[in-house]
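Colleague: Okay, handing you the structure first.
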There are 2 protein chains.
Amino acid sequence: MSALPHPQIGALLAAIDGVPVTTEPSTVRKRSRDFFWYSPILDAQLRGKSADILVSPRDEGEVVRVAAACARLGVPITPRGAATGNYGQAVPLHGGVLLDMAGLKDIAWVRDGSVRCGPGLVMSELDAALAPHGLEQRMHPSTKRRATVGGFVAGGSGGIGSITYGGLREPGNILAARVITVEPEPRAIELRGDAAQKVNRAYGTTGIITALEFPLAPAWPWVDLIVAFDSFAEAMAFGHRAALADGITKKLLSPIAWPLPSHFAEVRPHCPEGKAVLIATVAKHSVDSFLALLGDAGAVTLERPLTDAPGQTPLYEYTWNHTTLQMLKADRGVTYLQCLFPHDAVLEKVAEMCALFPDELLGHCEFIRFGGRITASALPVIRYTTPERLSTIMAAHEAAGVMIADPHVYTLEDGSRHKRAEADQLGFKREVDPRGLLNPGKMRSYVPAAAAT
Amino acid sequence: MSALPHPQIGALLAAIDGVPVTTEPSTVRKRSRDFFWYSPILDAQLRGKSADILVSPRDEGEVVRVAAACARLGVPITPRGAATGNYGQAVPLHGGVLLDMAGLKDIAWVRDGSVRCGPGLVMSELDAALAPHGLEQRMHPSTKRRATVGGFVAGGSGGIGSITYGGLREPGNILAARVITVEPEPRAIELRGDAAQKVNRAYGTTGIITALEFPLAPAWPWVDLIVAFDSFAEAMAFGHRAALADGITKKLLSPIAWPLPSHFAEVRPHCPEGKAVLIATVAKHSVDSFLALLGDAGAVTLERPLTDAPGQTPLYEYTWNHTTLQMLKADRGVTYLQCLFPHDAVLEKVAEMCALFPDELLGHCEFIRFGGRITASALPVIRYTTPERLSTIMAAHEAAGVMIADPHVYTLEDGSRHKRAEADQLGFKREVDPRGLLNPGKMRSYVPAAAAT
């Protein structure tokens, strides 16, 4: 399956002598994958794609050496966090260097409720380091215990916490990003404020992130809850009420239809047969208020402190795209969608989509703030038949006013709600990666400005 | 003006011997007032109303003694915080005891991001005590430096912080309240969760609060800003955008039309002639994002750290009903309204009301969350002519779909949006104050269950 190695790999290895490198093919192939296989379409397209070598810089200086060498030799370079993404973000399409950023994980400082750290830091490790300050990250994906902060910014959009803070793209959720350019003489560019959005969900195509700054959230003692409801509609209705309750401190509200909870391994005993569940994470000081709001609308089947530590699965690992994963463990015949419902008709539109595809679509939503309004995104599980049928289901959502971010494509453009690259990301790429060596093929509308010099 | 003293005052004084009491008439009269005089209508109705004596219990035991004695002797009892309200909440209509709660100000504990304390604690003193924990109150009125936590719960509804947490009535914003009943053998009742709403904005008619529990917020370093705009509409439009930006940590967004800022004493030099201003309080870590969002839509004229300490006026003392006060200092010919705009047409409806009354209504809004949605409440300043004209202006708002909570009445029912007492407050009053001795006349729909025994 693999193409021939890039002809300049030998010269590159010489140029970066001293930087840790792995050339062992099976390791490189394995590390070149992410979780694209949730999509049968991406699975067919990306299976077998691999970098030629894995390079693991230990600091920014080594990143600069690798970037310089790649620029001079015309070798593709694909930065990688923990490769927990689902769109092939971290899969090198054209070989070259897979740049493992895990070595850059220093915390520069914590002050005024914000942090500056390296991109390779695992998100649960960052929270562990912030805990003595009474602080934690505002939001994280369901892969928090493996994912890196840089990978989340480069390949993610939001997650647990977005019910309070919205997505990463909301102004204020990323304070700064430092990137290294891929040029013969690499530059370090500090992107502050809005400008940091140039690296957000750009799949590493717009510079190599070497530091990030975020505002933080208070690290309350959190409680994980499962609440069972007779129907998915009831789980949605209560989830919406809780989402709108600004006095209740929360970071997760995930209504999930039966039979999805039947695949919830460790917490299966707390998911009654045939019932929909709402998974909620609520600050300890808000649990009583949450239960008062619930009244007898649903039955609490599990209530326990949230911890990221080993030994117990945090409930967020049954939500967002982990919901899909839990089902995929038992049934490889499913895949998923990514939907954003209109805030003024959330419950109606979710019910409408469930009714349209009663046998194929298993309901699963995530309440979030989006543009300052409470709405739901959804990652419904789909019983997969053909690419055409998947397209039909997505088209029906869009026709009903439900936005779709297609998770079955690997380019930024096709996966975006607007089906194009962000103008400022495209423009910025010209500055930082003139030859188009960064994760080539992912920003497909980019045309390299300069041929090899 | 004053009625004769209650015939049982002598017996009462004997019964509560040892509890600190003030009988000096001018002091009692002075302490019997609040800030009702913002309303020319209330001013005419309440001027001269006074308790017979001022009683200042030092602990719950003394509260119980006073309550028992009043219940046995049939003497009215009106609890009082700092009397910073504007509806005559703390004005005794029928003499009797004015119960100064300032002595009950112990902090019982701070844990899990919540606090339990006495009702007499001044709100800025509570925040000072919480600061070493990195915590502060979720919301406070503009009178924070004088107001007490009990007075806020009993007579307020929201304020600085409500842009993030909504009002006090949102589920989760009050965790518990302890009240003493007014009976010959007073009971202490612990109201937890939803039940605590029985004392929220009940003007002290539903039991004497002796302890409160609240969830808290992170005490970020905060920055006060003034931003000048060419028009009130522009200040509103940017305020709305900032209100919707969930990534920007904030607790105050107050657009204020010219000429109101011309009365802003200490900060007058930062309020350019003829310009509308937006007063904003933003976490230090969000200031850059706030300014990026602003772009060149307005001009920052002041930016300084927020402090409640003496020596500098925090900008919140130019917002909420302090805006009205600043103008009243120069011009006693004005008063104000209390409006709540529909969340789906905030900017349009504010503009519509300003256009309807161009000479009489000076625009002033407060962005808040209400029921989980961003909207604006408004306390426009009104150039006052007659009660009839004031009614006409309020009726025009209501006809346009803008809710009015009439601030020119002293009963709970007339001031409520629903023009009736909350059913559970009315029901609870029967339990805790069967003879109707607590702040009599304020919950006018209450009919005492029992005559004097």
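Starting from 1 in every chain, residues are counted up; chains themselves are A, B, ... following the order of the structure tokens, and ligands are numbered from 1 as listed.
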Which residues are near Ser26 of chain A? Cut-off 10 Å, only C-alpha atoms, ignore same chain within fewer than 5 positions. Put them as a list of chain:residue names.
Modeller: A:Arg31, A:Ser32, A:Ser50
Colleague: How about saving the chosen residues, all heavy atoms kept, as a JSON list (two decimals), in the first residue's frame?
Modeller:
[["chain", "number", "residue", "atom", "x", "y", "z"],
["A", 31, "ARG", "N", 1.87, 4.68, 14.10],
["A", 31, "ARG", "CA", 1.73, 6.04, 14.63],
["A", 31, "ARG", "C", 1.14, 7.00, 13.59],
["A", 31, "ARG", "O", 0.72, 8.10, 13.93],
["A", 31, "ARG", "CB", 3.08, 6.57, 15.12],
["A", 31, "ARG", "CG", 3.74, 5.68, 16.19],
["A", 31, "ARG", "CD", 2.95, 5.69, 17.50],
["A", 31, "ARG", "NE", 3.02, 6.94, 18.19],
["A", 31, "ARG", "CZ", 4.06, 7.35, 18.92],
["A", 31, "ARG", "NH1", 5.12, 6.58, 19.04],
["A", 31, "ARG", "NH2", 4.03, 8.51, 19.53],
["A", 32, "SER", "N", 1.11, 6.59, 12.34],
["A", 32, "SER", "CA", 0.58, 7.46, 11.28],
["A", 32, "SER", "C", -0.95, 7.41, 11.20],
["A", 32, "SER", "O", -1.55, 8.12, 10.38],
["A", 32, "SER", "CB", 1.16, 7.06, 9.91],
["A", 32, "SER", "OG", 2.55, 7.29, 9.87],
["A", 50, "SER", "N", 0.99, 6.38, 5.34],
["A", 50, "SER", "CA", 2.00, 6.41, 6.40],
["A", 50, "SER", "C", 3.09, 7.42, 6.09],
["A", 50, "SER", "O", 3.41, 7.69, 4.93],
["A", 50, "SER", "CB", 2.65, 5.02, 6.53],
["A", 50, "SER", "OG", 3.65, 5.03, 7.54]]
Colleague: From a DSSP pass on the backbone, collect the residues of segment 364-416 of chain A flagged as strand (DSSP E or B) and hand them back as a compact mmCIF listing (two decimals) with N, CA, C and O atoms, in the first residue's frame.
Modeller:
# COMPACT_ATOMS: atom_id res chain seq x y z
N HIS A 364 -28.26 10.80 19.71
CA HIS A 364 -27.23 11.17 20.68
C HIS A 364 -26.90 12.64 20.46
O HIS A 364 -26.38 13.01 19.41
N CYS A 365 -27.20 13.46 21.45
CA CYS A 365 -26.93 14.89 21.35
C CYS A 365 -25.98 15.34 22.47
O CYS A 365 -25.77 14.65 23.45
N GLU A 366 -25.45 16.52 22.27
CA GLU A 366 -24.61 17.19 23.26
C GLU A 366 -25.09 18.63 23.35
O GLU A 366 -25.02 19.37 22.37
N PHE A 367 -25.62 19.01 24.51
CA PHE A 367 -26.00 20.42 24.66
C PHE A 367 -24.74 21.28 24.76
O PHE A 367 -23.78 20.92 25.44
N ILE A 368 -24.76 22.36 24.05
CA ILE A 368 -23.62 23.28 24.01
C ILE A 368 -24.13 24.72 23.91
O ILE A 368 -25.30 24.95 23.60
N ARG A 369 -23.22 25.64 24.17
CA ARG A 369 -23.47 27.01 23.77
C ARG A 369 -22.80 27.22 22.42
O ARG A 369 -21.68 26.76 22.19
N PHE A 370 -23.48 27.93 21.55
CA PHE A 370 -22.93 28.22 20.23
C PHE A 370 -23.35 29.64 19.88
O PHE A 370 -24.55 29.93 19.80
N ARG A 373 -25.82 31.09 22.37
CA ARG A 373 -27.15 30.49 22.55
C ARG A 373 -27.03 29.01 22.87
O ARG A 373 -26.14 28.34 22.35
N ILE A 374 -27.93 28.54 23.69
CA ILE A 374 -27.99 27.11 24.01
C ILE A 374 -28.58 26.37 22.82
O ILE A 374 -29.65 26.72 22.32
N THR A 375 -27.87 25.37 22.36
CA THR A 375 -28.43 24.50 21.34
C THR A 375 -27.85 23.10 21.56
O THR A 375 -27.23 22.84 22.59
N ALA A 376 -28.08 22.21 20.61
CA ALA A 376 -27.48 20.89 20.71
C ALA A 376 -26.71 20.60 19.45
O ALA A 376 -27.15 20.90 18.34
N SER A 377 -25.51 20.08 19.65
CA SER A 377 -24.87 19.40 18.54
C SER A 377 -25.24 17.94 18.71
O SER A 377 -25.75 17.52 19.74
N ALA A 378 -25.06 17.18 17.66
CA ALA A 378 -25.43 15.76 17.76
C ALA A 378 -24.37 14.94 17.06
O ALA A 378 -23.80 15.37 16.05
N VAL A 381 -25.44 7.96 16.05
CA VAL A 381 -24.84 6.76 15.47
C VAL A 381 -25.74 6.32 14.31
O VAL A 381 -26.97 6.35 14.40
N ILE A 382 -25.09 5.96 13.21
CA ILE A 382 -25.84 5.59 11.99
C ILE A 382 -25.52 4.14 11.64
O ILE A 382 -24.35 3.75 11.59
N ARG A 383 -26.55 3.36 11.41
CA ARG A 383 -26.34 2.00 10.89
C ARG A 383 -25.98 2.15 9.41
O ARG A 383 -26.79 2.55 8.60
N MET A 403 -27.50 21.88 10.49
CA MET A 403 -26.18 21.99 9.85
C MET A 403 -25.41 20.69 10.03
O MET A 403 -25.46 20.07 11.09
N ILE A 404 -24.69 20.33 9.00
CA ILE A 404 -23.87 19.11 9.03
C ILE A 404 -22.41 19.51 8.83
O ILE A 404 -22.09 20.28 7.92
Colleague: Within 7 Å of chain B, which residues of chain A show up? Give each one with its shortest atom-to-atom distance in Å (one decimal) and the two atoms involved, counting only C-alpha atoms, rows by chain then rising residue number, as a tab-separated table.
Modeller:
residue	atom	partner	partner_atom	distance
A:Asp112	CA	B:His285	CA	6.2
A:Gly113	CA	B:His285	CA	6.6
A:Ser114	CA	B:His285	CA	6.5
A:Tyr165	CA	B:Asp246	CA	5.0
A:Gly166	CA	B:Asp246	CA	5.9
A:Glu170	CA	B:Gly247	CA	5.4
A:Pro171	CA	B:Gly247	CA	5.5
A:Gly172	CA	B:Gly247	CA	4.4
A:Asn173	CA	B:Gly247	CA	4.9
A:Gly193	CA	B:Ser289	CA	5.7
A:Asp194	CA	B:Ala292	CA	6.7
A:Pro215	CA	B:His285	CA	6.3
A:Pro218	CA	B:Pro218	CA	6.1
A:Trp220	CA	B:Gly113	CA	6.6
A:Pro221	CA	B:Asp112	CA	6.4
A:Leu244	CA	B:Gly372	CA	3.9
A:Ala245	CA	B:Gly372	CA	5.6
A:Asp246	CA	B:Tyr165	CA	5.0
A:Gly247	CA	B:Gly172	CA	4.5
A:Ile248	CA	B:Gly172	CA	5.0
A:Lys284	CA	B:Asp112	CA	6.8
A:His285	CA	B:Asp112	CA	6.2
A:Ser286	CA	B:Gly172	CA	6.0
A:Asp288	CA	B:Gly193	CA	6.4
A:Ser289	CA	B:Gly172	CA	5.0
A:Ala292	CA	B:Asp194	CA	6.7
A:Gly371	CA	B:Leu244	CA	6.1
A:Gly372	CA	B:Leu244	CA	3.9
A:Arg373	CA	B:Arg373	CA	6.6
Colleague: Choose the residue, out of A:Arg435, A:Leu337, A:Ile208, A:Pro25, that has the smallest atom-to-atom separation from Ser391 of chain A; count only C-alpha atoms.
Modeller: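 That would be A:Leu337, the residue with the smallest distance to Ser391 of chain A.
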Colleague: For a test of reading the model, state the distance in Å between atom CA of Val402 of chain B and atom CA of Gly85 of chain B, rounded to one decimal.
Modeller: 23.1 Å
Colleague: What's the 8 Å shell around segment 145-159 of chain A, counting only C-alpha atoms, without same-chain residues fewer than 3 positions away, as a ChimeraX atom specification?
Modeller: /A:80-85,89,102,118-125,139-142,162,166-169,199-204,209,212,308,320
Colleague: Please produce a file of those selected residues containing N, CA, C and O atoms, as a compact mmCIF listing (two decimals), in the first residue's frame.
Modeller:
# COMPACT_ATOMS: atom_id res chain seq x y z
N ARG A 80 1.75 15.87 14.89
CA ARG A 80 0.85 14.90 15.51
C ARG A 80 0.81 15.13 17.01
O ARG A 80 1.83 15.31 17.66
N GLY A 81 -0.41 15.11 17.58
CA GLY A 81 -0.55 15.12 19.04
C GLY A 81 -0.65 13.68 19.51
O GLY A 81 0.30 12.91 19.40
N ALA A 82 -1.86 13.30 19.98
CA ALA A 82 -2.06 11.91 20.38
C ALA A 82 -2.81 11.14 19.31
O ALA A 82 -3.11 9.96 19.49
N ALA A 83 -3.12 11.81 18.20
CA ALA A 83 -3.82 11.17 17.09
C ALA A 83 -5.13 10.53 17.52
O ALA A 83 -5.44 9.40 17.18
N THR A 84 -5.90 11.29 18.31
CA THR A 84 -7.21 10.80 18.74
C THR A 84 -8.33 11.36 17.86
O THR A 84 -9.50 11.14 18.16
N GLY A 85 -7.98 12.08 16.80
CA GLY A 85 -8.99 12.65 15.92
C GLY A 85 -9.67 11.61 15.06
O GLY A 85 -9.26 10.45 15.00
N GLN A 89 -6.91 13.72 10.57
CA GLN A 89 -6.14 14.97 10.73
C GLN A 89 -4.63 14.73 10.76
O GLN A 89 -3.86 15.51 10.23
N ALA A 102 4.82 15.29 21.33
CA ALA A 102 4.66 14.92 22.75
C ALA A 102 5.77 15.44 23.64
O ALA A 102 5.57 15.61 24.86
N GLY A 118 3.24 23.86 26.51
CA GLY A 118 3.61 23.23 25.25
C GLY A 118 2.44 22.45 24.68
O GLY A 118 1.54 22.03 25.41
N PRO A 119 2.45 22.21 23.36
CA PRO A 119 1.32 21.56 22.70
C PRO A 119 1.23 20.06 22.98
O PRO A 119 0.18 19.46 22.81
N GLY A 120 2.35 19.46 23.44
CA GLY A 120 2.36 18.02 23.59
C GLY A 120 1.83 17.51 24.91
O GLY A 120 1.74 16.31 25.15
N LEU A 121 1.45 18.44 25.78
CA LEU A 121 0.97 18.06 27.11
C LEU A 121 -0.38 17.35 26.99
O LEU A 121 -1.31 17.85 26.34
N VAL A 122 -0.49 16.20 27.63
CA VAL A 122 -1.77 15.47 27.65
C VAL A 122 -2.76 16.28 28.51
O VAL A 122 -2.40 16.79 29.57
N MET A 123 -4.00 16.37 28.03
CA MET A 123 -4.95 17.28 28.67
C MET A 123 -5.24 16.90 30.12
O MET A 123 -5.39 17.78 30.97
N SER A 124 -5.32 15.63 30.43
CA SER A 124 -5.57 15.25 31.82
C SER A 124 -4.35 15.55 32.69
O SER A 124 -4.49 15.85 33.88
N GLU A 125 -3.16 15.51 32.10
CA GLU A 125 -1.96 15.87 32.87
C GLU A 125 -1.92 17.37 33.14
O GLU A 125 -1.52 17.82 34.21
N MET A 139 -12.49 23.44 28.57
CA MET A 139 -13.18 22.39 27.80
C MET A 139 -12.16 21.37 27.34
O MET A 139 -10.96 21.65 27.25
N HIS A 140 -12.65 20.18 27.06
CA HIS A 140 -11.78 19.11 26.57
C HIS A 140 -12.62 18.11 25.79
O HIS A 140 -13.83 18.02 26.01
N PRO A 141 -11.98 17.34 24.90
CA PRO A 141 -12.72 16.30 24.19
C PRO A 141 -12.90 15.08 25.10
O PRO A 141 -12.31 15.02 26.19
N SER A 142 -13.67 14.12 24.63
CA SER A 142 -13.88 12.91 25.44
C SER A 142 -12.60 12.09 25.53
O SER A 142 -12.50 11.20 26.36
N SER A 162 -18.20 22.83 26.79
CA SER A 162 -18.77 23.74 25.79
C SER A 162 -20.20 24.14 26.13
O SER A 162 -20.72 25.10 25.57
N GLY A 166 -18.98 27.49 25.20
CA GLY A 166 -19.04 27.38 23.74
C GLY A 166 -17.82 26.62 23.24
O GLY A 166 -17.11 25.97 24.01
N GLY A 167 -17.60 26.71 21.94
CA GLY A 167 -16.49 25.98 21.33
C GLY A 167 -15.18 26.74 21.39
O GLY A 167 -15.13 27.90 21.81
N LEU A 168 -14.12 26.08 20.94
CA LEU A 168 -12.80 26.71 20.89
C LEU A 168 -12.80 27.99 20.06
O LEU A 168 -12.00 28.89 20.28
N ARG A 169 -13.71 28.05 19.07
CA ARG A 169 -13.72 29.22 18.19
C ARG A 169 -14.33 30.46 18.80
O ARG A 169 -14.22 31.54 18.22
N VAL A 199 -4.64 28.82 13.81
CA VAL A 199 -4.21 27.43 13.98
C VAL A 199 -5.33 26.52 14.49
O VAL A 199 -5.15 25.31 14.59
N ASN A 200 -6.48 27.12 14.82
CA ASN A 200 -7.56 26.31 15.40
C ASN A 200 -8.23 25.48 14.32
O ASN A 200 -8.74 26.02 13.34
N ARG A 201 -8.23 24.17 14.52
CA ARG A 201 -8.82 23.21 13.58
C ARG A 201 -8.31 23.43 12.15
O ARG A 201 -9.05 23.42 11.19
N ALA A 202 -6.98 23.65 12.06
CA ALA A 202 -6.34 23.75 10.75
C ALA A 202 -5.51 22.50 10.48
O ALA A 202 -4.79 22.43 9.49
N TYR A 203 -5.63 21.51 11.35
CA TYR A 203 -4.97 20.20 11.17
C TYR A 203 -3.45 20.34 11.05
O TYR A 203 -2.80 19.53 10.39
N GLY A 204 -2.90 21.38 11.63
CA GLY A 204 -1.45 21.55 11.57
C GLY A 204 -0.94 22.03 10.23
O GLY A 204 0.25 21.96 9.95
N ILE A 209 2.73 24.34 15.94
CA ILE A 209 2.45 24.96 17.24
C ILE A 209 3.50 24.52 18.25
O ILE A 209 3.73 23.32 18.43
N LEU A 212 0.94 27.31 23.59
CA LEU A 212 -0.45 27.77 23.56
C LEU A 212 -0.77 28.46 24.88
O LEU A 212 -0.23 28.10 25.92
N ASP A 308 -10.37 11.89 36.67
CA ASP A 308 -9.66 11.49 35.45
C ASP A 308 -8.65 10.38 35.75
O ASP A 308 -8.00 9.87 34.85
N TRP A 320 -19.86 12.43 23.60
CA TRP A 320 -19.24 12.95 22.39
C TRP A 320 -18.87 11.76 21.49
O TRP A 320 -19.67 10.85 21.32
Colleague: For Val182 of chain B, list every protein, DNA or RNA residue within 8 Å, evaluated using only C-alpha atoms, and leave out those in the same chain fewer than 6 positions away; present the list as a list of chain:residue names.
Modeller: B:Ala67, B:Ala68, B:Cys70, B:Ala71, B:Gly207, B:Ile208, B:Val432, B:Asp433, B:Pro434, B:Leu437, B:Leu438
Colleague: Residues as selected, N, CA, C and O atoms, written as a JSON list (two decimals), in the first residue's frame, can you do that?
Modeller:
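Final output, saved to part-v9.json:
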[["chain", "number", "residue", "atom", "x", "y", "z"],
["B", 67, "ALA", "N", -38.92, 37.54, 67.96],
["B", 67, "ALA", "CA", -40.05, 36.98, 67.19],
["B", 67, "ALA", "C", -41.14, 36.46, 68.13],
["B", 67, "ALA", "O", -42.34, 36.68, 67.89],
["B", 68, "ALA", "N", -40.71, 35.78, 69.19],
["B", 68, "ALA", "CA", -41.68, 35.23, 70.15],
["B", 68, "ALA", "C", -42.48, 36.36, 70.80],
["B", 68, "ALA", "O", -43.72, 36.29, 70.89],
["B", 70, "CYS", "N", -43.00, 39.44, 69.72],
["B", 70, "CYS", "CA", -43.88, 40.11, 68.74],
["B", 70, "CYS", "C", -45.11, 39.25, 68.48],
["B", 70, "CYS", "O", -46.24, 39.75, 68.37],
["B", 71, "ALA", "N", -44.91, 37.93, 68.36],
["B", 71, "ALA", "CA", -46.03, 37.03, 68.08],
["B", 71, "ALA", "C", -47.02, 37.06, 69.23],
["B", 71, "ALA", "O", -48.23, 37.14, 69.04],
["B", 207, "GLY", "N", -40.79, 34.92, 56.91],
["B", 207, "GLY", "CA", -39.84, 34.38, 57.88],
["B", 207, "GLY", "C", -38.64, 35.29, 58.01],
["B", 207, "GLY", "O", -38.34, 36.06, 57.09],
["B", 208, "ILE", "N", -38.00, 35.21, 59.16],
["B", 208, "ILE", "CA", -36.82, 36.05, 59.42],
["B", 208, "ILE", "C", -35.58, 35.23, 59.06],
["B", 208, "ILE", "O", -35.28, 34.22, 59.71],
["B", 432, "VAL", "N", -45.34, 30.35, 58.57],
["B", 432, "VAL", "CA", -44.30, 30.99, 59.38],
["B", 432, "VAL", "C", -44.76, 32.28, 60.05],
["B", 432, "VAL", "O", -44.12, 32.75, 60.99],
["B", 433, "ASP", "N", -45.88, 32.82, 59.58],
["B", 433, "ASP", "CA", -46.33, 34.12, 60.10],
["B", 433, "ASP", "C", -47.84, 34.16, 60.10],
["B", 433, "ASP", "O", -48.46, 34.98, 59.43],
["B", 434, "PRO", "N", -48.45, 33.27, 60.87],
["B", 434, "PRO", "CA", -49.91, 33.12, 60.79],
["B", 434, "PRO", "C", -50.67, 34.42, 61.07],
["B", 434, "PRO", "O", -51.71, 34.66, 60.47],
["B", 437, "LEU", "N", -47.64, 39.34, 60.89],
["B", 437, "LEU", "CA", -46.90, 40.41, 61.57],
["B", 437, "LEU", "C", -45.63, 40.83, 60.83],
["B", 437, "LEU", "O", -45.06, 41.87, 61.13],
["B", 438, "LEU", "N", -45.18, 40.01, 59.88],
["B", 438, "LEU", "CA", -43.91, 40.31, 59.21],
["B", 438, "LEU", "C", -44.12, 41.31, 58.09],
["B", 438, "LEU", "O", -44.81, 41.03, 57.09]]
Colleague: Find, counting only C-alpha atoms, the residue in A:Thr324, A:Gln137, A:Thr78, A:Ser254 that gets nearest to Phe35 of chain A.
Modeller: A:Thr324
Colleague: With distances taken over only C-alpha atoms, which of A:Arg268, A:Arg178, A:Lys419, A:Arg304 is nearest to Leu225 of chain A?
Modeller: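 That would be A:Arg304, the residue with the smallest distance to Leu225 of chain A.
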Colleague: Please extract the residues of segment 267-447 of chain A with a backbone DSSP assignment of alpha helix (DSSP H) and present them as a ChimeraX atom specification.
Modeller: /A:287-294,321-328,346-356,387-399,412-415,423-432
Colleague: Atoms to include: C-alpha atoms. Write the selected residues as a CSV table (one decimal), in the first residue's frame.
Modeller:
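So the final result, stored in part.csv, reads:
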chain,number,residue,atom,x,y,z
A,287,VAL,CA,-26.2,18.7,42.4
A,288,ASP,CA,-29.1,19.4,44.7
A,289,SER,CA,-30.4,22.1,42.4
A,290,PHE,CA,-30.0,19.7,39.4
A,291,LEU,CA,-32.0,17.0,41.2
A,292,ALA,CA,-34.7,19.5,42.2
A,293,LEU,CA,-35.0,20.6,38.6
A,294,LEU,CA,-35.3,17.0,37.5
A,321,ASN,CA,-17.5,10.6,20.0
A,322,HIS,CA,-16.8,8.0,22.7
A,323,THR,CA,-20.5,7.2,22.4
A,324,THR,CA,-19.8,6.0,18.9
A,325,LEU,CA,-16.7,4.2,20.0
A,326,GLN,CA,-18.6,2.2,22.7
A,327,MET,CA,-21.0,1.0,20.1
A,328,LEU,CA,-18.2,0.3,17.5
A,346,VAL,CA,-33.7,22.1,19.0
A,347,LEU,CA,-36.2,19.7,20.4
A,348,GLU,CA,-38.4,19.7,17.4
A,349,LYS,CA,-35.7,19.2,14.9
A,350,VAL,CA,-34.0,16.4,16.9
A,351,ALA,CA,-37.4,14.6,17.1
A,352,GLU,CA,-37.9,15.2,13.4
A,353,MET,CA,-34.6,13.6,12.4
A,354,CYS,CA,-35.1,10.6,14.7
A,355,ALA,CA,-38.6,10.1,13.1
A,356,LEU,CA,-37.2,10.3,9.6
A,387,PRO,CA,-21.9,6.0,0.9
A,388,GLU,CA,-25.0,7.1,-1.1
A,389,ARG,CA,-27.4,6.3,1.7
A,390,LEU,CA,-25.1,8.3,4.2
A,391,SER,CA,-25.2,11.2,1.8
A,392,THR,CA,-29.0,11.0,1.6
A,393,ILE,CA,-29.3,11.1,5.4
A,394,MET,CA,-27.0,14.1,5.6
A,395,ALA,CA,-28.8,15.9,2.8
A,396,ALA,CA,-32.1,15.3,4.6
A,397,HIS,CA,-30.7,17.0,7.7
A,398,GLU,CA,-29.5,20.0,5.8
A,399,ALA,CA,-32.8,20.3,4.0
A,412,LEU,CA,-10.6,21.0,6.0
A,413,GLU,CA,-12.8,22.4,3.3
A,414,ASP,CA,-15.2,19.4,3.0
A,415,GLY,CA,-15.5,19.0,6.7
A,423,ALA,CA,-9.9,32.9,4.6
A,424,ASP,CA,-7.4,33.9,7.3
A,425,GLN,CA,-6.1,30.4,7.7
A,426,LEU,CA,-5.5,30.1,3.9
A,427,GLY,CA,-3.8,33.5,3.8
A,428,PHE,CA,-1.7,32.7,6.8
A,429,LYS,CA,-0.6,29.4,5.3
A,430,ARG,CA,1.1,31.3,2.5
A,431,GLU,CA,3.2,33.1,5.1
A,432,VAL,CA,4.2,30.1,7.2
Colleague: I need the residue nearest Pro448 of chain B from this list: B:Gln8, B:Gly436, B:Lys329, B:Asp127. Use only C-alpha atoms for the distance.
Modeller: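 Closest to Pro448 of chain B, using only C-alpha atoms: B:Gly436.
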